[in-house]
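Novice: Let me give you the structure first, and then I'll get to my questions.
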Amino acid sequence: GIKKNSMAPWYEEVCKDLKWTVDMELLVAMKAANEESLEKLNKNIEFVKENQGDSELKDALVDKAAFFSRIGDKAKALTAFADAENNKTASVQTKMDLAFNQVRL
């Protein structure tokens, strides 16, 4: 789970809550992997904004929100889900799905 999905924010929170010693080497590696993934997601969002339509933009924003959810960064996930929900092409069903994702966090 934590290592496989590079869940750095969640790992930090778990270590703090359980008073475990943080493996700094692991944390740095997970954060680097997360930064690389986030950079790819942001580049994709910029590409979609310039070259594709609103529906594809909504999908790219949902992908970014799902990424934050997967790594355990609740605050950023909630913000990203809200951004996707506010996209003008989000249907009622999509908005409901995004709202349920926010509740799940």
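Residue names in the structure tokens use chain letters A, B, ... in the order shown, residue numbers from 1 in each chain, and ligand numbers from 1 in the order shown.
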Tell me which protein, DNA and RNA residues are within 10 Å of segment 64-69 of chain A, counting only C-alpha atoms, leaving out same-chain ones fewer than 4 positions away, and put them as a short mmCIF file (atom, residue, chain, number, x, y, z; two decimals) with all heavy atoms, in the first residue's frame.

Specialist:
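To be explicit, this is the file written out as out24.cif:
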data_model
loop_
_atom_site.label_atom_id
_atom_site.label_comp_id
_atom_site.auth_asym_id
_atom_site.auth_seq_id
_atom_site.Cartn_x
_atom_site.Cartn_y
_atom_site.Cartn_z
N ASN A 5 2.12 2.76 -3.63
CA ASN A 5 1.42 3.95 -4.14
C ASN A 5 2.13 5.25 -3.81
O ASN A 5 1.58 6.33 -4.05
CB ASN A 5 -0.01 3.99 -3.61
CG ASN A 5 -0.86 2.88 -4.17
OD1 ASN A 5 -0.81 2.60 -5.36
ND2 ASN A 5 -1.62 2.22 -3.32
N MET A 7 2.69 6.80 -0.98
CA MET A 7 1.76 7.57 -0.15
C MET A 7 2.49 8.40 0.90
O MET A 7 2.27 8.25 2.11
CB MET A 7 0.75 6.63 0.51
CG MET A 7 -0.09 5.86 -0.47
SD MET A 7 -1.18 4.67 0.32
CE MET A 7 -2.41 5.77 1.04
N PRO A 9 2.33 11.63 2.00
CA PRO A 9 1.57 12.39 3.00
C PRO A 9 0.91 11.47 4.04
O PRO A 9 0.91 11.78 5.24
CB PRO A 9 0.50 13.12 2.19
CG PRO A 9 1.05 13.19 0.80
CD PRO A 9 1.85 11.93 0.64
N TRP A 10 0.39 10.36 3.58
CA TRP A 10 -0.26 9.41 4.49
C TRP A 10 0.78 8.78 5.42
O TRP A 10 0.55 8.61 6.61
CB TRP A 10 -1.01 8.35 3.70
CG TRP A 10 -1.72 7.34 4.54
CD1 TRP A 10 -1.43 6.02 4.65
CD2 TRP A 10 -2.85 7.56 5.39
NE1 TRP A 10 -2.29 5.40 5.51
CE2 TRP A 10 -3.17 6.33 5.99
CE3 TRP A 10 -3.60 8.68 5.72
CZ2 TRP A 10 -4.22 6.18 6.88
CZ3 TRP A 10 -4.64 8.53 6.62
CH2 TRP A 10 -4.94 7.31 7.18
N ASN A 34 6.14 11.27 -6.24
CA ASN A 34 4.91 12.06 -6.27
C ASN A 34 5.11 13.34 -7.08
O ASN A 34 4.22 13.74 -7.84
CB ASN A 34 4.45 12.40 -4.85
CG ASN A 34 3.92 11.19 -4.13
OD1 ASN A 34 3.58 10.18 -4.73
ND2 ASN A 34 3.86 11.29 -2.82
N SER A 37 5.02 12.45 -10.75
CA SER A 37 3.65 12.16 -11.19
C SER A 37 2.83 13.44 -11.29
O SER A 37 2.08 13.63 -12.24
CB SER A 37 2.97 11.19 -10.23
OG SER A 37 3.61 9.94 -10.25
N LEU A 38 2.98 14.32 -10.30
CA LEU A 38 2.22 15.57 -10.30
C LEU A 38 2.64 16.46 -11.46
O LEU A 38 1.79 17.10 -12.10
CB LEU A 38 2.41 16.30 -8.97
CG LEU A 38 1.61 17.57 -8.78
CD1 LEU A 38 0.10 17.30 -8.92
CD2 LEU A 38 1.90 18.17 -7.41
N LYS A 40 3.68 15.43 -14.37
CA LYS A 40 3.04 14.86 -15.56
C LYS A 40 1.56 15.23 -15.63
O LYS A 40 1.05 15.58 -16.69
CB LYS A 40 3.19 13.34 -15.56
CG LYS A 40 4.58 12.86 -15.86
CD LYS A 40 4.66 11.34 -15.80
CE LYS A 40 6.08 10.85 -15.98
NZ LYS A 40 6.18 9.38 -15.84
N LEU A 41 0.89 15.17 -14.48
CA LEU A 41 -0.53 15.53 -14.45
C LEU A 41 -0.74 16.99 -14.81
O LEU A 41 -1.65 17.33 -15.58
CB LEU A 41 -1.13 15.22 -13.08
CG LEU A 41 -1.30 13.75 -12.74
CD1 LEU A 41 -1.55 13.56 -11.25
CD2 LEU A 41 -2.43 13.13 -13.55
N ASN A 42 0.09 17.87 -14.25
CA ASN A 42 -0.03 19.30 -14.54
C ASN A 42 0.27 19.61 -16.01
O ASN A 42 -0.40 20.44 -16.62
CB ASN A 42 0.88 20.12 -13.62
CG ASN A 42 0.33 20.20 -12.22
OD1 ASN A 42 -0.88 20.12 -12.00
ND2 ASN A 42 1.21 20.34 -11.25
N ASN A 44 -0.21 17.56 -18.46
CA ASN A 44 -1.36 17.06 -19.20
C ASN A 44 -2.52 18.06 -19.13
O ASN A 44 -3.19 18.31 -20.13
CB ASN A 44 -1.80 15.69 -18.67
CG ASN A 44 -2.93 15.11 -19.48
OD1 ASN A 44 -2.88 15.08 -20.70
ND2 ASN A 44 -3.96 14.65 -18.79
N ILE A 45 -2.75 18.63 -17.96
CA ILE A 45 -3.82 19.62 -17.80
C ILE A 45 -3.56 20.83 -18.71
O ILE A 45 -4.47 21.31 -19.39
CB ILE A 45 -3.97 20.04 -16.33
CG1 ILE A 45 -4.57 18.89 -15.52
CG2 ILE A 45 -4.83 21.30 -16.20
CD1 ILE A 45 -4.57 19.09 -14.02
N LYS A 58 -12.05 18.27 -17.77
CA LYS A 58 -12.68 17.72 -16.57
C LYS A 58 -12.04 16.38 -16.22
O LYS A 58 -11.69 16.13 -15.06
CB LYS A 58 -14.17 17.54 -16.76
CG LYS A 58 -14.87 16.86 -15.57
CD LYS A 58 -16.23 16.31 -15.93
CE LYS A 58 -16.29 15.46 -17.12
NZ LYS A 58 -16.09 14.03 -16.96
N ASP A 59 -11.82 15.54 -17.21
CA ASP A 59 -11.19 14.24 -16.98
C ASP A 59 -9.78 14.39 -16.41
O ASP A 59 -9.38 13.65 -15.50
CB ASP A 59 -11.15 13.42 -18.27
CG ASP A 59 -12.53 13.00 -18.75
OD1 ASP A 59 -13.48 13.01 -17.93
OD2 ASP A 59 -12.65 12.66 -19.94
N ALA A 60 -9.02 15.34 -16.95
CA ALA A 60 -7.66 15.57 -16.46
C ALA A 60 -7.67 16.07 -15.02
O ALA A 60 -6.83 15.68 -14.21
CB ALA A 60 -6.94 16.56 -17.37
N ASP A 73 -3.22 12.58 0.39
CA ASP A 73 -3.16 14.01 0.68
C ASP A 73 -4.58 14.56 0.65
O ASP A 73 -5.07 15.03 -0.38
CB ASP A 73 -2.28 14.73 -0.34
CG ASP A 73 -1.90 16.13 0.09
OD1 ASP A 73 -2.71 16.76 0.81
OD2 ASP A 73 -0.81 16.58 -0.27
N LYS A 74 -5.22 14.50 1.80
CA LYS A 74 -6.65 14.82 1.90
C LYS A 74 -6.95 16.26 1.49
O LYS A 74 -7.89 16.50 0.71
CB LYS A 74 -7.13 14.57 3.33
CG LYS A 74 -8.60 14.80 3.52
CD LYS A 74 -9.04 14.50 4.94
CE LYS A 74 -10.50 14.79 5.12
NZ LYS A 74 -10.94 14.49 6.49
N ALA A 75 -6.19 17.22 1.99
CA ALA A 75 -6.48 18.63 1.70
C ALA A 75 -6.39 18.92 0.21
O ALA A 75 -7.27 19.56 -0.37
CB ALA A 75 -5.53 19.52 2.48
N LYS A 76 -5.32 18.44 -0.42
CA LYS A 76 -5.16 18.69 -1.86
C LYS A 76 -6.18 17.92 -2.67
O LYS A 76 -6.64 18.40 -3.70
CB LYS A 76 -3.74 18.35 -2.31
CG LYS A 76 -2.71 19.34 -1.79
CD LYS A 76 -1.33 19.01 -2.27
CE LYS A 76 -0.32 20.02 -1.73
NZ LYS A 76 1.06 19.66 -2.11
N ALA A 77 -6.54 16.74 -2.21
CA ALA A 77 -7.56 15.94 -2.91
C ALA A 77 -8.90 16.66 -2.88
O ALA A 77 -9.59 16.75 -3.90
CB ALA A 77 -7.69 14.55 -2.29
N LEU A 78 -9.28 17.18 -1.73
CA LEU A 78 -10.56 17.89 -1.62
C LEU A 78 -10.59 19.11 -2.53
O LEU A 78 -11.59 19.36 -3.21
CB LEU A 78 -10.82 18.29 -0.17
CG LEU A 78 -11.15 17.15 0.79
CD1 LEU A 78 -11.19 17.66 2.23
CD2 LEU A 78 -12.45 16.48 0.41
N THR A 79 -9.50 19.86 -2.56
CA THR A 79 -9.42 21.03 -3.43
C THR A 79 -9.50 20.62 -4.90
O THR A 79 -10.22 21.24 -5.69
CB THR A 79 -8.11 21.80 -3.18
OG1 THR A 79 -8.08 22.22 -1.81
CG2 THR A 79 -7.98 23.00 -4.09
N ALA A 80 -8.78 19.57 -5.27
CA ALA A 80 -8.78 19.12 -6.66
C ALA A 80 -10.14 18.57 -7.08
O ALA A 80 -10.59 18.81 -8.20
CB ALA A 80 -7.68 18.07 -6.87
N PHE A 81 -10.81 17.83 -6.18
CA PHE A 81 -12.16 17.35 -6.51
C PHE A 81 -13.11 18.53 -6.68
O PHE A 81 -13.96 18.52 -7.57
CB PHE A 81 -12.68 16.39 -5.43
CG PHE A 81 -12.20 14.98 -5.59
CD1 PHE A 81 -11.50 14.36 -4.58
CD2 PHE A 81 -12.46 14.26 -6.74
CE1 PHE A 81 -11.05 13.05 -4.70
CE2 PHE A 81 -12.02 12.94 -6.89
CZ PHE A 81 -11.31 12.34 -5.87
N ALA A 82 -12.98 19.56 -5.85
CA ALA A 82 -13.83 20.75 -5.99
C ALA A 82 -13.57 21.44 -7.32
O ALA A 82 -14.52 21.89 -7.99
CB ALA A 82 -13.60 21.70 -4.82
N ASP A 83 -12.30 21.53 -7.73
CA ASP A 83 -11.97 22.14 -9.03
C ASP A 83 -12.61 21.36 -10.17
O ASP A 83 -13.17 21.95 -11.10
CB ASP A 83 -10.45 22.18 -9.24
CG ASP A 83 -9.76 23.18 -8.35
OD1 ASP A 83 -10.45 24.04 -7.75
OD2 ASP A 83 -8.51 23.11 -8.24
N ALA A 84 -12.55 20.04 -10.09
CA ALA A 84 -13.15 19.21 -11.14
C ALA A 84 -14.67 19.36 -11.13
O ALA A 84 -15.30 19.39 -12.18
CB ALA A 84 -12.76 17.75 -10.95
N LEU A 98 -18.04 12.95 -7.81
CA LEU A 98 -16.99 13.74 -7.18
C LEU A 98 -17.32 14.04 -5.72
O LEU A 98 -16.45 14.00 -4.86
CB LEU A 98 -16.76 15.03 -7.97
CG LEU A 98 -16.20 14.82 -9.38
CD1 LEU A 98 -16.24 16.12 -10.17
CD2 LEU A 98 -14.79 14.26 -9.34
N ASN A 101 -16.65 11.00 -3.70
CA ASN A 101 -15.21 10.86 -3.50
C ASN A 101 -14.73 11.76 -2.36
O ASN A 101 -13.88 11.35 -1.56
CB ASN A 101 -14.43 11.19 -4.77
CG ASN A 101 -14.33 10.02 -5.70
OD1 ASN A 101 -13.89 8.95 -5.32
ND2 ASN A 101 -14.75 10.20 -6.94
N GLN A 102 -15.28 12.95 -2.27
CA GLN A 102 -14.91 13.87 -1.20
C GLN A 102 -15.37 13.32 0.16
O GLN A 102 -14.65 13.40 1.14
CB GLN A 102 -15.51 15.24 -1.45
CG GLN A 102 -14.87 15.96 -2.62
CD GLN A 102 -15.54 17.29 -2.94
OE1 GLN A 102 -16.27 17.82 -2.14
NE2 GLN A 102 -15.31 17.79 -4.13
N ARG A 104 -15.77 10.22 0.90
CA ARG A 104 -14.93 9.04 1.19
C ARG A 104 -13.62 9.44 1.85
O ARG A 104 -13.08 8.69 2.66
CB ARG A 104 -14.67 8.28 -0.10
CG ARG A 104 -13.97 6.97 0.08
CD ARG A 104 -13.91 6.19 -1.21
NE ARG A 104 -13.42 6.95 -2.33
CZ ARG A 104 -12.15 6.98 -2.73
NH1 ARG A 104 -11.25 6.30 -2.08
NH2 ARG A 104 -11.79 7.70 -3.77
N LEU A 105 -13.11 10.62 1.53
CA LEU A 105 -11.86 11.07 2.13
C LEU A 105 -12.07 11.36 3.59
O LEU A 105 -11.25 11.27 4.42
CB LEU A 105 -11.32 12.32 1.43
CG LEU A 105 -10.87 12.10 0.00
CD1 LEU A 105 -10.52 13.45 -0.63
CD2 LEU A 105 -9.64 11.21 -0.04
#

Novice: Report the distance between atom CA of Met30 of chain A and atom CA of Ala8 of chain A in Å, rounded to one decimal place.

Specialist: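 Rounded to one decimal, the two atoms are 5.6 Å apart.
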
Novice: Going by DSSP on the backbone, which residues of chain A come out as helix (DSSP H, G or I)? List them as a PyMOL selection string.

Specialist: chain A and resi 8-18+24-51+54-71+74-85+92-104

Novice: Give the answer as one residue: which of A:Glu39, A:Ala99, A:Gln93, A:Gly72 has the shortest atom-to-atom distance to Gly1 of chain A, using only C-alpha atoms?

Specialist: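 Nearest to Gly1 of chain A: A:Gly72.
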
Novice: Could you check the closest approach to Ile71 of chain A for each of A:Val48, A:Ile2, A:Val103, A:Cys15 and tell me which residue wins, using only C-alpha atoms?

Specialist: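 Using only C-alpha atoms, the shortest distance to Ile71 of chain A belongs to A:Ile2.
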
Novice: What gap, in Å, lies between atom CA of Leu61 of chain A and atom CA of Lys4 of chain A?

Specialist: 22.8 Å

Novice: Compare A:Ser6, A:Lys19, A:Ser55, A:Lys43 by their minimum atom-to-atom distance to Lys31 of chain A, counting only C-alpha atoms, and give me the closest one.

Specialist: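 For Lys31 of chain A, the nearest of the candidates is A:Ser6.
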